[in-house]
file protein31.txt (compact mmCIF, C-alpha atoms and all ligand atoms)
# COMPACT_ATOMS: atom_id res chain seq x y z
CA MET A 1 176.02 19.64 50.30
CA LYS A 2 172.25 19.29 50.17
CA VAL A 3 170.54 16.89 52.55
CA ILE A 4 167.23 15.05 52.69
CA ASP A 5 166.39 13.54 56.07
CA PHE A 6 164.25 10.48 55.38
CA HIS A 7 163.26 9.70 58.96
CA VAL A 8 161.72 12.33 61.21
CA HIS A 9 159.11 11.93 63.94
CA VAL A 10 157.04 14.89 64.92
CA GLY A 11 154.35 15.13 67.55
CA LEU A 12 153.66 16.45 70.98
CA LYS A 13 155.14 14.80 74.05
CA GLU A 14 151.77 13.38 75.00
CA HIS A 15 151.51 11.44 71.72
CA TRP A 16 154.19 9.07 72.99
CA HIS A 17 154.29 6.66 75.91
CA SER A 18 156.36 7.69 78.92
CA TRP A 19 159.13 5.20 78.05
CA VAL A 20 159.49 6.74 74.59
CA GLN A 21 159.74 10.24 76.06
CA GLU A 22 162.28 8.99 78.60
CA PHE A 23 164.44 7.57 75.82
CA GLN A 24 164.29 10.75 73.75
CA GLN A 25 165.19 12.79 76.83
CA SER A 26 168.02 10.43 77.75
CA VAL A 27 169.78 11.04 74.43
CA GLY A 28 169.62 14.78 75.22
CA SER A 29 167.52 15.72 72.20
CA ASP A 30 167.13 19.39 71.35
CA TYR A 31 163.44 18.60 71.01
CA TYR A 32 163.02 18.71 74.79
CA LYS A 33 165.45 21.56 75.38
CA ARG A 34 163.58 23.75 72.88
CA TYR A 35 160.18 22.11 73.03
CA GLU A 36 157.98 25.16 72.54
CA GLU A 37 159.82 26.05 69.36
CA LEU A 38 160.67 22.65 67.86
CA SER A 39 157.34 20.92 68.38
CA LYS A 40 155.72 23.47 66.08
CA PRO A 41 155.93 23.30 62.27
CA GLU A 42 157.30 26.83 61.82
CA GLY A 43 159.99 26.33 64.48
CA PHE A 44 160.99 22.92 63.17
CA ALA A 45 161.07 24.14 59.55
CA GLU A 46 163.51 26.86 60.61
CA TYR A 47 165.58 24.32 62.59
CA ILE A 48 166.08 21.95 59.65
CA LYS A 49 166.89 24.86 57.37
CA GLN A 50 169.66 25.89 59.76
CA HIS A 51 171.04 22.36 59.48
CA GLY A 52 171.12 22.52 55.68
CA ILE A 53 168.24 20.11 55.21
CA GLU A 54 166.19 20.67 52.10
CA LYS A 55 163.43 18.22 52.96
CA ALA A 56 162.42 16.11 55.94
CA ILE A 57 160.20 13.05 55.60
CA ILE A 58 157.64 13.31 58.40
CA LEU A 59 156.28 10.06 59.79
CA ALA A 60 152.87 9.24 61.18
CA GLU A 61 152.59 6.28 63.54
CA TYR A 62 149.80 4.11 64.88
CA SER A 63 151.63 1.99 67.44
CA PRO A 64 149.42 2.14 70.54
CA VAL A 65 151.11 -0.83 72.24
CA THR A 66 154.76 0.10 71.85
CA THR A 67 155.41 3.77 71.16
CA GLY A 68 152.24 5.78 70.75
CA VAL A 69 150.01 7.38 68.18
CA VAL A 70 150.82 10.29 65.91
CA THR A 71 147.88 10.40 63.54
CA ASN A 72 147.95 10.82 59.79
CA ASP A 73 145.80 13.94 60.22
CA TYR A 74 148.31 15.46 62.63
CA VAL A 75 151.18 14.83 60.20
CA LEU A 76 149.28 16.19 57.24
CA GLU A 77 148.43 19.37 59.12
CA PHE A 78 152.05 19.69 60.33
CA CYS A 79 153.32 19.49 56.75
CA GLU A 80 150.68 21.67 55.17
CA GLY A 81 151.93 24.54 53.05
CA ARG A 82 155.63 23.71 53.53
CA ASP A 83 157.69 22.20 50.71
CA CYS A 84 160.41 21.26 53.17
CA PHE A 85 158.15 18.61 54.75
CA VAL A 86 157.06 15.40 53.02
CA PRO A 87 154.26 13.53 54.81
CA LEU A 88 154.46 9.73 55.09
CA ALA A 89 151.38 7.83 56.21
CA SER A 90 151.05 5.05 58.74
CA ILE A 91 148.65 2.14 58.34
CA ASN A 92 148.11 -0.35 61.13
CA HIS A 93 146.19 -3.08 59.35
CA PHE A 94 144.83 -4.39 62.65
CA LEU A 95 143.00 -1.12 63.15
CA THR A 96 141.28 -0.86 59.78
CA SER A 97 139.05 -3.16 57.74
CA ASP A 98 140.28 -1.76 54.41
CA PRO A 99 143.99 -0.92 54.54
CA ALA A 100 144.29 -0.57 50.75
CA GLY A 101 141.29 1.75 50.48
CA GLU A 102 142.53 3.80 53.40
CA LEU A 103 145.99 4.13 51.87
CA ARG A 104 144.54 5.16 48.53
CA SER A 105 142.59 7.88 50.25
CA LEU A 106 145.68 9.03 52.23
CA PHE A 107 147.68 9.26 49.00
CA SER A 108 144.94 11.34 47.42
CA ARG A 109 145.21 13.72 50.41
CA GLY A 110 148.92 14.31 49.85
CA PHE A 111 150.90 11.52 51.51
CA LYS A 112 153.97 10.45 49.53
CA GLY A 113 154.55 6.99 50.95
CA VAL A 114 153.79 4.76 53.89
CA LYS A 115 155.70 3.33 56.83
CA LEU A 116 155.06 -0.10 58.34
CA TYR A 117 156.05 -1.11 61.87
CA PRO A 118 156.00 -4.95 61.93
CA SER A 119 157.68 -5.38 65.32
CA TYR A 120 155.41 -2.77 66.91
CA HIS A 121 152.19 -4.10 65.36
CA TYR A 122 153.11 -7.80 65.43
CA PHE A 123 153.07 -9.11 61.87
CA TYR A 124 155.61 -10.46 59.42
CA PRO A 125 156.16 -8.07 56.53
CA ASN A 126 155.50 -10.87 54.02
CA ASP A 127 152.10 -11.60 55.60
CA ARG A 128 149.50 -11.69 52.80
CA GLU A 129 147.25 -9.46 54.94
CA VAL A 130 149.53 -6.50 54.22
CA TYR A 131 150.09 -7.25 50.54
CA PRO A 132 147.28 -4.88 49.46
CA ILE A 133 149.26 -2.03 51.08
CA TYR A 134 152.28 -2.88 48.93
CA GLY A 135 150.04 -3.11 45.88
CA VAL A 136 148.66 0.40 46.35
CA ALA A 137 152.10 1.90 47.04
CA ALA A 138 153.55 0.19 43.95
CA GLU A 139 150.68 1.40 41.81
CA HIS A 140 151.36 5.01 42.91
CA GLY A 141 155.16 4.69 42.69
CA PHE A 142 155.47 5.69 46.36
CA PRO A 143 158.00 4.15 48.77
CA VAL A 144 157.25 1.82 51.66
CA MET A 145 159.46 2.19 54.71
CA VAL A 146 159.62 -0.90 56.93
CA HIS A 147 161.12 -0.90 60.42
CA THR A 148 163.75 -3.64 60.68
CA GLY A 149 166.06 -4.61 63.53
CA SER A 150 166.04 -3.86 67.22
CA SER A 151 164.08 -1.32 69.18
CA VAL A 152 164.56 0.02 72.69
CA PHE A 153 160.84 0.42 73.19
CA ARG A 154 158.75 -1.72 75.51
CA GLY A 155 156.57 -4.27 73.75
CA ALA A 156 158.53 -4.47 70.48
CA ARG A 157 158.89 -8.06 69.27
CA LEU A 158 162.11 -8.65 67.45
CA LYS A 159 161.06 -11.76 65.54
CA TYR A 160 158.96 -9.57 63.22
CA ALA A 161 161.90 -7.28 62.49
CA ASP A 162 164.07 -9.66 60.44
CA PRO A 163 164.57 -8.02 57.03
CA ILE A 164 164.69 -11.43 55.31
CA HIS A 165 160.88 -11.39 55.07
CA LEU A 166 161.17 -8.42 52.71
CA ASP A 167 162.89 -10.68 50.19
CA ASP A 168 159.45 -12.12 49.38
CA VAL A 169 157.95 -8.65 49.08
CA ALA A 170 160.74 -7.44 46.79
CA ARG A 171 160.25 -10.46 44.56
CA ASP A 172 156.47 -10.19 44.49
CA PHE A 173 156.51 -6.40 43.91
CA PRO A 174 159.69 -5.80 41.90
CA GLY A 175 158.75 -2.20 41.10
CA LEU A 176 158.02 -1.27 44.72
CA LYS A 177 160.55 0.98 46.44
CA ILE A 178 161.28 -0.54 49.85
CA LEU A 179 163.41 1.08 52.53
CA LEU A 180 164.86 -1.21 55.18
CA VAL A 181 164.66 1.20 58.08
CA HIS A 182 167.57 1.04 60.59
CA GLY A 183 169.39 -1.34 58.22
CA GLY A 184 168.46 -4.48 60.21
CA ARG A 185 169.90 -2.95 63.40
CA GLY A 186 171.63 -5.28 65.82
CA ILE A 187 171.75 -8.76 64.30
CA TRP A 188 170.70 -8.35 60.66
CA TYR A 189 173.05 -5.77 59.15
CA ASP A 190 174.37 -8.32 56.63
CA THR A 191 170.89 -9.46 55.61
CA ALA A 192 169.66 -5.91 55.07
CA PHE A 193 172.79 -4.96 53.17
CA LEU A 194 172.56 -8.00 50.91
CA LEU A 195 168.88 -7.40 50.14
CA SER A 196 169.66 -3.83 49.12
CA ARG A 197 172.42 -5.13 46.87
CA ILE A 198 170.43 -7.80 45.08
CA HIS A 199 167.06 -6.07 44.70
CA GLU A 200 166.91 -3.10 42.37
CA ASN A 201 164.34 -1.22 44.44
CA VAL A 202 165.36 -2.16 47.97
CA TYR A 203 167.26 0.51 49.92
CA LEU A 204 169.15 0.49 53.19
CA GLU A 205 168.00 3.33 55.45
CA VAL A 206 170.48 4.09 58.22
CA SER A 207 168.55 6.13 60.76
CA GLY A 208 169.00 5.27 64.42
CA LEU A 209 172.54 3.97 63.85
CA PRO A 210 175.54 5.93 65.12
CA PRO A 211 176.91 7.37 61.82
CA GLN A 212 180.52 6.95 62.99
CA ASN A 213 179.93 3.15 63.16
CA LEU A 214 178.39 2.69 59.73
CA LEU A 215 181.55 1.28 58.14
CA LYS A 216 181.76 -1.26 60.93
CA TYR A 217 178.22 -2.45 60.23
CA PHE A 218 178.52 -2.12 56.44
CA PRO A 219 182.18 -2.43 55.42
CA ASP A 220 181.25 -2.32 51.71
CA MET A 221 179.09 0.75 52.12
CA GLU A 222 180.93 2.70 49.44
CA LYS A 223 180.25 0.01 46.80
CA ASN A 224 176.55 0.19 47.58
CA SER A 225 176.28 3.95 48.02
CA SER A 226 173.58 4.27 45.38
CA LYS A 227 171.28 2.23 47.64
CA ILE A 228 171.88 3.82 51.05
CA VAL A 229 169.62 6.53 52.43
CA TYR A 230 170.21 8.90 55.34
CA GLY A 231 167.70 9.48 58.13
CA SER A 232 168.17 11.03 61.56
CA ASP A 233 165.31 9.44 63.56
CA TRP A 234 164.67 12.81 65.21
CA PRO A 235 163.93 13.37 68.11
CA GLY A 236 166.05 10.33 68.94
CA VAL A 237 169.26 12.31 68.33
CA VAL A 238 170.82 15.29 70.11
CA THR A 239 170.81 17.52 67.04
CA ILE A 240 170.26 16.54 63.43
CA GLY A 241 173.20 18.72 62.37
CA GLU A 242 175.68 16.84 64.57
CA ASN A 243 174.35 13.53 63.26
CA ILE A 244 174.97 14.65 59.67
CA GLU A 245 178.45 15.95 60.52
CA ARG A 246 179.43 12.55 61.91
CA LEU A 247 178.35 10.89 58.69
CA LYS A 248 180.34 13.41 56.67
CA ARG A 249 183.48 12.54 58.63
CA LEU A 250 183.43 8.90 57.43
CA PRO A 251 186.30 8.02 55.08
CA ILE A 252 184.12 7.65 52.00
CA SER A 253 184.08 9.63 48.77
CA GLU A 254 182.25 12.90 48.29
CA GLU A 255 180.22 11.22 45.58
CA ALA A 256 179.06 8.44 47.92
CA LEU A 257 178.16 11.00 50.60
CA THR A 258 176.08 12.99 48.14
CA GLN A 259 174.19 9.87 47.15
CA ILE A 260 173.54 8.84 50.75
CA LEU A 261 172.60 12.28 52.05
CA TYR A 262 170.66 13.52 49.08
CA SER A 263 170.41 12.07 45.60
CA ASN A 264 169.11 8.58 46.47
CA ALA A 265 166.31 10.09 48.53
CA LYS A 266 165.54 12.57 45.79
CA ARG A 267 165.22 9.72 43.26
CA ILE A 268 163.01 7.68 45.59
CA LEU A 269 160.67 10.60 46.18
CA GLY A 270 160.41 11.31 42.47
CA PRO A 271 159.34 14.57 40.89
ZN ZN B 301 161.98 6.27 64.02
call {"tool": "encode", "arguments": {"input": "protein31.txt", "output": "structure tokens"}}
result
Amino acid sequence: MKVIDFHVHVGLKEHWHSWVQEFQQSVGSDYYKRYEELSKPEGFAEYIKQHGIEKAIILAEYSPVTTGVVTNDYVLEFCEGRDCFVPLASINHFLTSDPAGELRSLFSRGFKGVKLYPSYHYFYPNDREVYPIYGVAAEHGFPVMVHTGSSVFRGARLKYADPIHLDDVARDFPGLKILLVHGGRGIWYDTAFLLSRIHENVYLEVSGLPPQNLLKYFPDMEKNSSKIVYGSDWPGVVTIGENIERLKRLPISEEALTQILYSNAKRILGP
């Protein structure tokens, strides 16, 4: 079964705050055990291939207060020349005077979408200040990933992570592909699930959730399998392969698994 991993962080240890590194180490991630190899594009490309992953979506991040900074340039260079990596940009609208213009330029340089971090940057996702970002993504047909739900990282403010605010965005940009990252983790599983049911272009992204618990969080997962997208949140897992295996052991149909692990992501990314 082919797999697309929609949620992968790359970077060097020093890109992240100490508390982020401590968390990644505490889960026992391979990233630290095989750092020299897995922090480099060639080593990581080989690693995902061994785990049967066709493509990994590689995330940039400008979150200086909460997690750290992995620049768009770093991500672009990491992905360069490798079809197995898909670069996704980060825009922190507090750090730029022209978020829309910047995103347009990032798309022209090869980025295939953008991720927003409301609880790390402190804004509500339906804030009109970020609407130009949605406009540019919609115009290009590229997805917007939005962090929803809890975070273990210092400084994250949960009030900005309620997926309900994306209801406005989905209504105002009906053609925009929105991924509710972490599926509203903690207290908003039902909200995130419902939004992905009622909005044609809203998806539930399940990275950072123990795969063996997914049916507990989303009992009707099978019925909504065309709207659920797999992500590992590497290096926040021990190995990506084990994470995928746990998902495969859920009592859901082969067809649903294929959609979640591969075909939904493929459709979102487009040709
Ligand atoms: Zn993540």
call {"tool": "closest_atom_pairs", "arguments": {"input": "protein31.txt", "of": "chain A", "to": "ligand ZN 301 (chain B)", "cutoff": "8 Å", "atoms": "only C-alpha atoms and all ligand atoms", "output": "CSV"}}
result
residue,atom,partner,partner_atom,distance
A:His7,CA,B:ZN301,ZN,6.2
A:Val8,CA,B:ZN301,ZN,6.7
A:His9,CA,B:ZN301,ZN,6.3
A:Ser207,CA,B:ZN301,ZN,7.3
A:Gly208,CA,B:ZN301,ZN,7.1
A:Asp233,CA,B:ZN301,ZN,4.6
A:Trp234,CA,B:ZN301,ZN,7.2
A:Gly236,CA,B:ZN301,ZN,7.6
call {"tool": "residues_around", "arguments": {"input": "protein31.txt", "residues": "Val27 of chain A", "least_positions_apart": "5", "cutoff": "10 Å", "atoms": "all atoms listed in the file", "output": "list in words"}}
result
Glu22, Pro235, Gly236, Val237, Val238 and Thr239 of chain A
call {"tool": "closest_residue", "arguments": {"input": "protein31.txt", "among": "A:Ala192, A:Glu139, A:Val65, A:Ile198", "to": "Arg157 of chain A", "atoms": "only C-alpha atoms"}}
result
A:Val65
call {"tool": "atom_distance", "arguments": {"input": "protein31.txt", "atom1": "atom CA of Pro118 of chain A", "atom2": "atom CA of Pro132 of chain A"}}
result
15.2 Å
call {"tool": "atom_distance", "arguments": {"input": "protein31.txt", "atom1": "atom CA of Phe6 of chain A", "atom2": "atom CA of Leu261 of chain A"}}
result
9.2 Å
call {"tool": "atom_distance", "arguments": {"input": "protein31.txt", "atom1": "atom CA of Lys13 of chain A", "atom2": "atom CA of His147 of chain A"}}
result
21.6 Å
call {"tool": "closest_residue", "arguments": {"input": "protein31.txt", "among": "A:Ser119, A:Phe44, A:Gln212, A:Leu88", "to": "Glu242 of chain A", "atoms": "all atoms listed in the file"}}
result
A:Gln212
call {"tool": "closest_residue", "arguments": {"input": "protein31.txt", "among": "A:Asp168, A:Leu176, A:Thr96, A:Leu215", "to": "Tyr189 of chain A", "atoms": "all atoms listed in the file"}}
result
A:Leu215
call {"tool": "residues_around", "arguments": {"input": "protein31.txt", "residues": "Glu54 of chain A", "least_positions_apart": "2", "cutoff": "12 Å", "atoms": "all atoms listed in the file", "output": "PDB file with C-alpha atoms, in the frame of the given file"}}
result
ATOM      1  CA  MET A   1     176.020  19.640  50.300  1.00  0.00           C
ATOM      2  CA  LYS A   2     172.250  19.290  50.170  1.00  0.00           C
ATOM      3  CA  VAL A   3     170.540  16.890  52.550  1.00  0.00           C
ATOM      4  CA  ILE A   4     167.230  15.050  52.690  1.00  0.00           C
ATOM      5  CA  ASP A   5     166.390  13.540  56.070  1.00  0.00           C
ATOM      6  CA  PHE A   6     164.250  10.480  55.380  1.00  0.00           C
ATOM      7  CA  ALA A  45     161.070  24.140  59.550  1.00  0.00           C
ATOM      8  CA  GLU A  46     163.510  26.860  60.610  1.00  0.00           C
ATOM      9  CA  TYR A  47     165.580  24.320  62.590  1.00  0.00           C
ATOM     10  CA  ILE A  48     166.080  21.950  59.650  1.00  0.00           C
ATOM     11  CA  LYS A  49     166.890  24.860  57.370  1.00  0.00           C
ATOM     12  CA  GLN A  50     169.660  25.890  59.760  1.00  0.00           C
ATOM     13  CA  HIS A  51     171.040  22.360  59.480  1.00  0.00           C
ATOM     14  CA  GLY A  52     171.120  22.520  55.680  1.00  0.00           C
ATOM     15  CA  ALA A  56     162.420  16.110  55.940  1.00  0.00           C
ATOM     16  CA  ILE A  57     160.200  13.050  55.600  1.00  0.00           C
ATOM     17  CA  ARG A  82     155.630  23.710  53.530  1.00  0.00           C
ATOM     18  CA  ASP A  83     157.690  22.200  50.710  1.00  0.00           C
ATOM     19  CA  CYS A  84     160.410  21.260  53.170  1.00  0.00           C
ATOM     20  CA  PHE A  85     158.150  18.610  54.750  1.00  0.00           C
ATOM     21  CA  VAL A  86     157.060  15.400  53.020  1.00  0.00           C
ATOM     22  CA  LEU A 261     172.600  12.280  52.050  1.00  0.00           C
ATOM     23  CA  TYR A 262     170.660  13.520  49.080  1.00  0.00           C
ATOM     24  CA  SER A 263     170.410  12.070  45.600  1.00  0.00           C
ATOM     25  CA  ALA A 265     166.310  10.090  48.530  1.00  0.00           C
ATOM     26  CA  LYS A 266     165.540  12.570  45.790  1.00  0.00           C
TER      27      LYS A 266
END
call {"tool": "closest_residue", "arguments": {"input": "protein31.txt", "among": "A:Gly183, A:Gly81, A:Gly68, A:Gly135", "to": "Pro99 of chain A", "atoms": "only C-alpha atoms"}}
result
A:Gly135
call {"tool": "closest_residue", "arguments": {"input": "protein31.txt", "among": "A:Val69, A:Ile53, A:Val181, A:Leu12", "to": "Leu209 of chain A", "atoms": "only C-alpha atoms"}}
result
A:Val181
call {"tool": "residues_around", "arguments": {"input": "protein31.txt", "residues": "Trp19 of chain A", "least_positions_apart": "2", "cutoff": "8 Å", "atoms": "only C-alpha atoms", "output": "list in words"}}
result
His17, Gln21, Glu22, Phe23, Thr67, Phe153 and Arg154 of chain A
call {"tool": "residues_around", "arguments": {"input": "protein31.txt", "residues": "Leu179 of chain A", "least_positions_apart": "5", "cutoff": "9 Å", "atoms": "only C-alpha atoms", "output": "list of chain:residue names"}}
result
A:Pro143, A:Val144, A:Met145, A:Val146, A:His147, A:Ser196, A:Asn201, A:Val202, A:Tyr203, A:Leu204, A:Glu205, A:Val229
